[in-house]
There are 2 protein chains.
Amino acid sequence: MSRLLVVDDEFRIRQIIRKYAEFEGYTVEEAVDGMQAIEICRKEEFDLIIMDVMMPELDGFSACREIRKFRSTPIIMLSARGEEYDKIHGFELGSDDYVVKPFSPKELMMRVSAVLKRANGNQNAEQKNDVFTYKGLSVDFSARIVTIDGKRIDMTPKEYELFFYMVKNKGLALTREKLISEVWGYDFFGDERTLDTHIKLLRKSLGEYSKCIVTLRGVGYRFETV
Amino acid sequence: MSRLLVVDDEFRIRQIIRKYAEFEGYTVEEAVDGMQAIEICRKEEFDLIIMDVMMPELDGFSACREIRKFRSTPIIMLSARGEEYDKIHGFELGSDDYVVKPFSPKELMMRVSAVLKRANGNQNAEQKNDVFTYKGLSVDFSARIVTIDGKRIDMTPKEYELFFYMVKNKGLALTREKLISEVWGYDFFGDERTLDTHIKLLRKSLGEYSKCIVTLRGVGYRFETV
DNA sequence: GTTATATTTGAAAAAATTATGAAAACTGCC
DNA sequence: GGCAGTTTTCATAATTTTTTCAAATATAAC
């Protein structure tokens, strides 16, 4: 799950955020001011930073600007109501969202999830820990692990490649030619039915989720999440 | 520059947003309630929608949900302060940001620019899925899926091809010769009545929308959206 | 209204495509 | 070389789609 860094000088605030965040399944680290936040970010990488604007030692804006010099971690800023100038300033600095104090923890969590989702969408290019999940099915592309209801599914190399390609292009109609040239290579001159056989093996491995692989007669296949 | 749709029942609000938005270089269209917003969105495409939650006729949430059925236009919701439930609800519905009334126009413009930037960034990675919609009918060309009122319509390969071709050339008179050579290939030497039969099957699949396929006696057929 | 022409339709035959099981070929490893 | 697992081939079965064709229906012109 995602790792969050919470930066605020007030213990109570950090405590509340930690409580809600951990309930949502996030891992939480804390920093009490901007200076400390920068130091921690130098050493470790987070998926998202929640940072207060007003802090002793180094304020949130300065810290944000500094961290952005070496990290592109999404940042949600917290601040007291009514500081319009600050809001705009925060956006210009590239913070990803802005929550006004006093905030509702639930709302903050919605924003955290929204920002993370957004960030994960962008990360196609970067390639980090990208994991696809749908109900009990999870596909960890970087670890090359597929699990169903937490149980690991053994797949052969070809199955992995075929499946990964289909999941990465979920919802799209993939022609046989496309699949073959992407998974086997454009210079594959094997039997016409090889793809069918691998689809068959893949479906067998996927059990109940085999219905996610839809046959498009005359075209190819599509992986879909209902 | 980007095209915005502003949906609010208060003239004053629309006026203010329009003024600021046009100053920023955006083109602005207006709608006074959710119903009107949906209708406009069916006909035209926008880069972003700014929509009030509380409106007569059809509220912002319902409109948002409806529009999302056929458009993925980013939506910023406006609403009176303090409705936490609504905020969360709005996020779940897929609105992209949330601004509390009374808002500062400047802040709103910052958010507009942020959401647009975000949306434009994402669209590089994602495959631009071109979808045609007309009332309850939607045709997703990249997924190869046709739905009527949200329900999927099973079509055979030939039906798809014929239908896709007609939709892509909607409003145009397509001769029998043209249709046959485009869908079957210029070297088709089959029966004269083959096309008719497929039109028949297609109409059957389309149910109430079969009337969109108009017979042009002595010429061919045309797909039209009234 | 009649006629000639064009389209729609239903049913069945014909054709095409995909699924499957089993065997053969291949691969890396000891 | 032999083994275990993987990939490919291939024939057959199962399924779906396409085409054909003739009768029924509709349309436009006369």
# chains A, B, ... in the order shown; residues from 1 in each chain; ligands from 1
>>> interface_residues(of="chain A", to="chain C", cutoff="10 Å", atoms="only C-alpha atoms (C1' of nucleotides)", output="PDB file with N, CA and C atoms, in the first residue's frame")
ATOM      1  N   ARG A 193      -3.152 -21.320 -34.586  1.00  0.00           N
ATOM      2  CA  ARG A 193      -3.906 -21.659 -33.367  1.00  0.00           C
ATOM      3  C   ARG A 193      -3.096 -21.526 -32.089  1.00  0.00           C
ATOM      4  N   ASP A 196      -4.736 -19.252 -29.570  1.00  0.00           N
ATOM      5  CA  ASP A 196      -5.910 -19.871 -28.945  1.00  0.00           C
ATOM      6  C   ASP A 196      -5.500 -20.776 -27.797  1.00  0.00           C
ATOM      7  N   THR A 197      -4.480 -21.550 -28.056  1.00  0.00           N
ATOM      8  CA  THR A 197      -4.034 -22.490 -27.038  1.00  0.00           C
ATOM      9  C   THR A 197      -3.568 -21.747 -25.786  1.00  0.00           C
ATOM     10  N   ILE A 199      -4.504 -18.764 -24.850  1.00  0.00           N
ATOM     11  CA  ILE A 199      -5.688 -18.176 -24.214  1.00  0.00           C
ATOM     12  C   ILE A 199      -6.358 -19.255 -23.359  1.00  0.00           C
ATOM     13  N   LYS A 200      -6.399 -20.432 -23.904  1.00  0.00           N
ATOM     14  CA  LYS A 200      -7.008 -21.542 -23.169  1.00  0.00           C
ATOM     15  C   LYS A 200      -6.265 -21.787 -21.860  1.00  0.00           C
ATOM     16  N   THR A 215     -13.888 -13.343 -25.857  1.00  0.00           N
ATOM     17  CA  THR A 215     -13.565 -13.631 -27.253  1.00  0.00           C
ATOM     18  C   THR A 215     -14.296 -12.663 -28.163  1.00  0.00           C
ATOM     19  N   LEU A 216     -13.566 -12.027 -29.036  1.00  0.00           N
ATOM     20  CA  LEU A 216     -14.193 -11.165 -30.036  1.00  0.00           C
ATOM     21  C   LEU A 216     -14.061 -11.882 -31.367  1.00  0.00           C
ATOM     22  N   ARG A 217     -15.093 -12.577 -31.704  1.00  0.00           N
ATOM     23  CA  ARG A 217     -15.077 -13.397 -32.906  1.00  0.00           C
ATOM     24  C   ARG A 217     -14.642 -12.586 -34.119  1.00  0.00           C
ATOM     25  N   GLY A 218     -13.752 -13.166 -34.885  1.00  0.00           N
ATOM     26  CA  GLY A 218     -13.308 -12.490 -36.102  1.00  0.00           C
ATOM     27  C   GLY A 218     -12.318 -11.368 -35.839  1.00  0.00           C
ATOM     28  N   VAL A 219     -12.045 -11.105 -34.584  1.00  0.00           N
ATOM     29  CA  VAL A 219     -11.151  -9.993 -34.244  1.00  0.00           C
ATOM     30  C   VAL A 219     -10.009 -10.455 -33.356  1.00  0.00           C
TER      31      VAL A 219
END
>>> interface_residues(of="chain D", to="chain A", cutoff="9 Å", atoms="only C-alpha atoms (C1' of nucleotides)", output="PyMOL selection string")
chain D and resi 6-10+16
>>> calpha_fit_and_write(fixed="chain A", moving="chain B", output="tab-separated table (two decimals) with C-alpha atoms, in the first residue's frame")
chain	number	residue	atom	x	y	z
B	1	MET	CA	-15.57	17.42	-7.35
B	2	SER	CA	-12.09	16.42	-6.26
B	3	ARG	CA	-11.28	13.62	-3.87
B	4	LEU	CA	-8.84	14.31	-1.04
B	5	LEU	CA	-7.00	11.95	1.24
B	6	VAL	CA	-6.15	13.38	4.65
B	7	VAL	CA	-3.37	11.59	6.51
B	8	ASP	CA	-2.75	12.56	10.12
B	9	ASP	CA	-2.62	10.63	13.37
B	10	GLU	CA	-4.54	13.28	15.29
B	11	PHE	CA	-8.27	12.90	15.07
B	12	ARG	CA	-8.81	16.60	15.74
B	13	ILE	CA	-6.71	17.65	12.78
B	14	ARG	CA	-8.42	15.24	10.41
B	15	GLN	CA	-11.77	16.46	11.67
B	16	ILE	CA	-10.96	20.11	11.06
B	17	ILE	CA	-9.59	19.51	7.60
B	18	ARG	CA	-12.53	17.33	6.70
B	19	LYS	CA	-14.97	19.98	7.86
B	20	TYR	CA	-13.39	22.73	5.80
B	21	ALA	CA	-12.74	20.53	2.80
B	22	GLU	CA	-16.28	19.24	2.67
B	23	PHE	CA	-17.53	22.78	3.01
B	24	GLU	CA	-15.53	23.55	-0.13
B	25	GLY	CA	-17.18	20.64	-1.86
B	26	TYR	CA	-14.39	18.08	-1.75
B	27	THR	CA	-14.87	14.43	-0.91
B	28	VAL	CA	-12.62	13.37	1.95
B	29	GLU	CA	-11.08	10.06	2.97
B	30	GLU	CA	-8.85	9.62	5.98
B	31	ALA	CA	-5.82	7.61	7.02
B	32	VAL	CA	-4.12	7.65	10.40
B	33	ASP	CA	-0.56	6.90	9.36
B	34	GLY	CA	1.72	6.53	6.37
B	35	MET	CA	1.24	2.78	6.13
B	36	GLN	CA	-2.49	3.11	5.87
B	37	ALA	CA	-2.13	5.95	3.38
B	38	ILE	CA	-0.06	3.79	1.06
B	39	GLU	CA	-2.55	0.96	1.25
B	40	ILE	CA	-5.48	3.20	0.46
B	41	CYS	CA	-3.61	4.81	-2.41
B	42	ARG	CA	-2.89	1.41	-3.89
B	43	LYS	CA	-6.58	0.72	-4.05
B	44	GLU	CA	-8.03	4.12	-4.80
B	45	GLU	CA	-7.02	7.18	-6.69
B	46	PHE	CA	-7.18	10.68	-5.23
B	47	ASP	CA	-6.83	14.13	-6.68
B	48	LEU	CA	-4.75	15.38	-3.78
B	49	ILE	CA	-3.21	14.12	-0.56
B	50	ILE	CA	-2.72	16.20	2.58
B	51	MET	CA	-0.20	14.47	4.77
B	52	ASP	CA	1.37	15.15	8.14
B	53	VAL	CA	5.13	14.65	8.42
B	54	MET	CA	5.24	13.30	11.96
B	55	MET	CA	3.22	10.12	12.30
B	56	PRO	CA	3.59	6.79	14.05
B	57	GLU	CA	4.13	3.63	12.01
B	58	LEU	CA	5.42	5.42	8.91
B	59	ASP	CA	6.26	9.10	8.61
B	60	GLY	CA	4.98	11.39	5.90
B	61	PHE	CA	8.22	11.62	3.94
B	62	SER	CA	8.60	7.88	3.61
B	63	ALA	CA	4.95	7.51	2.69
B	64	CYS	CA	5.28	10.28	0.12
B	65	ARG	CA	8.29	8.61	-1.45
B	66	GLU	CA	6.48	5.27	-1.55
B	67	ILE	CA	3.27	6.61	-3.01
B	68	ARG	CA	5.17	8.49	-5.67
B	69	LYS	CA	6.41	5.16	-6.91
B	70	PHE	CA	3.05	4.32	-8.34
B	71	ARG	CA	0.97	7.47	-8.18
B	72	SER	CA	1.61	11.03	-9.22
B	73	THR	CA	-1.08	12.45	-6.98
B	74	PRO	CA	-0.16	15.95	-5.74
B	75	ILE	CA	0.81	15.99	-2.07
B	76	ILE	CA	0.70	18.83	0.45
B	77	MET	CA	2.81	18.22	3.51
B	78	LEU	CA	1.97	19.45	7.00
B	79	SER	CA	4.53	19.86	9.73
B	80	ALA	CA	5.50	21.68	12.86
B	81	ARG	CA	7.14	25.04	12.37
B	82	GLY	CA	10.81	25.59	12.05
B	83	GLU	CA	12.10	22.36	10.58
B	84	GLU	CA	13.95	23.87	7.67
B	85	TYR	CA	15.69	20.68	6.73
B	86	ASP	CA	12.39	18.92	6.47
B	87	LYS	CA	11.01	21.58	4.21
B	88	ILE	CA	13.76	21.17	1.72
B	89	HIS	CA	13.63	17.44	2.00
B	90	GLY	CA	9.93	17.53	1.34
B	91	PHE	CA	10.36	19.54	-1.81
B	92	GLU	CA	13.00	17.23	-3.09
B	93	LEU	CA	10.72	14.29	-2.59
B	94	GLY	CA	8.26	15.94	-4.86
B	95	SER	CA	5.62	17.15	-2.47
B	96	ASP	CA	3.79	19.98	-4.14
B	97	ASP	CA	3.41	22.34	-1.26
B	98	TYR	CA	4.23	22.70	2.36
B	99	VAL	CA	2.08	24.08	5.14
B	100	VAL	CA	3.38	24.79	8.61
B	101	LYS	CA	1.44	23.79	11.71
B	102	PRO	CA	-0.46	25.36	13.30
B	103	PHE	CA	-2.01	26.35	10.00
B	104	SER	CA	-5.11	28.32	9.28
B	105	PRO	CA	-7.67	26.05	7.64
B	106	LYS	CA	-8.54	28.79	5.24
B	107	GLU	CA	-4.98	29.08	4.04
B	108	LEU	CA	-4.76	25.34	3.66
B	109	MET	CA	-7.86	25.39	1.49
B	110	MET	CA	-6.38	28.11	-0.67
B	111	ARG	CA	-3.31	25.98	-1.17
B	112	VAL	CA	-5.39	22.93	-1.95
B	113	SER	CA	-7.23	24.84	-4.60
B	114	ALA	CA	-3.98	26.27	-6.01
B	115	VAL	CA	-2.30	22.88	-6.23
B	116	LEU	CA	-5.34	21.27	-7.82
B	117	LYS	CA	-5.58	24.04	-10.37
B	118	ARG	CA	-1.92	23.67	-11.18
B	119	ALA	CA	-2.19	19.90	-11.48
B	120	ASN	CA	-5.19	20.09	-13.75
B	121	GLY	CA	-3.48	22.64	-15.92
B	122	ASN	CA	-0.45	20.47	-16.47
B	123	GLN	CA	-2.29	17.39	-17.41
B	124	ASN	CA	-3.50	18.77	-20.70
B	125	ALA	CA	-0.06	19.05	-22.13
B	126	GLU	CA	1.41	15.87	-20.73
B	127	GLN	CA	0.33	12.65	-22.20
B	128	LYS	CA	-1.77	10.97	-19.61
B	129	ASN	CA	0.32	7.97	-18.83
B	130	ASP	CA	-1.83	5.18	-17.64
B	131	VAL	CA	-0.03	2.95	-15.23
B	132	PHE	CA	-1.30	-0.13	-13.52
B	133	THR	CA	0.19	-1.07	-10.17
B	134	TYR	CA	-0.30	-3.92	-7.79
B	135	LYS	CA	2.08	-4.34	-4.90
B	136	GLY	CA	5.58	-4.23	-6.37
B	137	LEU	CA	4.36	-4.77	-9.90
B	138	SER	CA	3.82	-1.85	-12.21
B	139	VAL	CA	2.81	-1.75	-15.83
B	140	ASP	CA	3.26	1.46	-17.78
B	141	PHE	CA	1.24	1.09	-20.92
B	142	SER	CA	2.38	4.25	-22.67
B	143	ALA	CA	6.07	3.67	-22.00
B	144	ARG	CA	5.73	-0.06	-22.52
B	145	ILE	CA	7.61	-0.77	-19.33
B	146	VAL	CA	6.96	-3.44	-16.73
B	147	THR	CA	8.74	-3.23	-13.39
B	148	ILE	CA	8.85	-5.46	-10.35
B	149	ASP	CA	10.04	-3.78	-7.16
B	150	GLY	CA	11.40	-0.99	-9.27
B	151	LYS	CA	13.45	-3.30	-11.45
B	152	ARG	CA	12.68	-3.42	-15.11
B	153	ILE	CA	11.45	-6.64	-16.62
B	154	ASP	CA	12.49	-7.35	-20.17
B	155	MET	CA	9.70	-8.81	-22.20
B	156	THR	CA	9.44	-9.82	-25.80
B	157	PRO	CA	6.80	-8.16	-27.98
B	158	LYS	CA	4.41	-11.09	-27.71
B	159	GLU	CA	4.86	-11.26	-23.97
B	160	TYR	CA	4.05	-7.56	-23.71
B	161	GLU	CA	0.98	-7.83	-25.84
B	162	LEU	CA	-0.33	-10.87	-24.10
B	163	PHE	CA	0.40	-9.42	-20.68
B	164	PHE	CA	-0.99	-5.98	-21.46
B	165	TYR	CA	-4.17	-7.52	-22.72
B	166	MET	CA	-4.58	-9.66	-19.64
B	167	VAL	CA	-3.84	-6.78	-17.26
B	168	LYS	CA	-6.24	-4.51	-19.06
B	169	ASN	CA	-8.85	-7.20	-18.56
B	170	LYS	CA	-7.78	-8.13	-15.08
B	171	GLY	CA	-10.19	-10.21	-13.06
B	172	LEU	CA	-11.90	-11.51	-16.15
B	173	ALA	CA	-11.89	-15.09	-17.38
B	174	LEU	CA	-10.29	-14.98	-20.81
B	175	THR	CA	-10.84	-17.98	-23.04
B	176	ARG	CA	-8.03	-19.36	-25.11
B	177	GLU	CA	-9.89	-18.40	-28.23
B	178	LYS	CA	-10.35	-14.85	-27.00
B	179	LEU	CA	-6.70	-14.46	-26.04
B	180	ILE	CA	-5.47	-15.87	-29.32
B	181	SER	CA	-7.74	-13.81	-31.47
B	182	GLU	CA	-6.94	-10.64	-29.52
B	183	VAL	CA	-3.19	-11.07	-29.35
B	184	TRP	CA	-2.43	-13.03	-32.49
B	185	GLY	CA	-5.37	-11.99	-34.61
B	186	TYR	CA	-8.47	-13.82	-35.67
B	187	ASP	CA	-6.59	-15.40	-38.53
B	188	PHE	CA	-4.07	-17.32	-36.50
B	189	PHE	CA	-3.81	-20.93	-37.62
B	190	GLY	CA	-0.82	-22.01	-35.62
B	191	ASP	CA	-0.32	-24.76	-33.15
B	192	GLU	CA	-2.75	-25.37	-30.30
B	193	ARG	CA	-0.01	-25.10	-27.75
B	194	THR	CA	1.44	-21.76	-28.80
B	195	LEU	CA	-0.57	-19.86	-26.22
B	196	ASP	CA	0.57	-22.21	-23.47
B	197	THR	CA	4.15	-21.63	-24.36
B	198	HIS	CA	3.75	-17.88	-24.18
B	199	ILE	CA	1.97	-18.13	-20.86
B	200	LYS	CA	4.93	-20.13	-19.68
B	201	LEU	CA	7.41	-17.48	-20.85
B	202	LEU	CA	5.29	-14.74	-19.33
B	203	ARG	CA	5.11	-16.49	-15.98
B	204	LYS	CA	8.83	-16.92	-16.02
B	205	SER	CA	9.28	-13.18	-16.58
B	206	LEU	CA	6.86	-12.33	-13.81
B	207	GLY	CA	8.67	-14.24	-11.11
B	208	GLU	CA	6.71	-14.11	-7.88
B	209	TYR	CA	3.84	-12.43	-9.66
B	210	SER	CA	3.40	-15.40	-11.98
B	211	LYS	CA	0.75	-16.59	-9.56
B	212	CYS	CA	-1.38	-13.67	-10.74
B	213	ILE	CA	-1.92	-15.61	-13.93
B	214	VAL	CA	-4.39	-18.29	-13.01
B	215	THR	CA	-5.11	-21.27	-15.22
B	216	LEU	CA	-8.78	-21.88	-15.84
B	217	ARG	CA	-8.77	-25.47	-16.90
B	218	GLY	CA	-10.83	-26.09	-19.96
B	219	VAL	CA	-11.40	-22.37	-20.43
B	220	GLY	CA	-8.27	-20.24	-20.54
B	221	TYR	CA	-6.54	-17.86	-18.13
B	222	ARG	CA	-7.22	-14.96	-15.83
B	223	PHE	CA	-4.98	-12.22	-14.48
B	224	GLU	CA	-5.92	-11.42	-10.93
B	225	THR	CA	-4.67	-9.30	-8.06
B	226	VAL	CA	-5.64	-11.55	-5.17
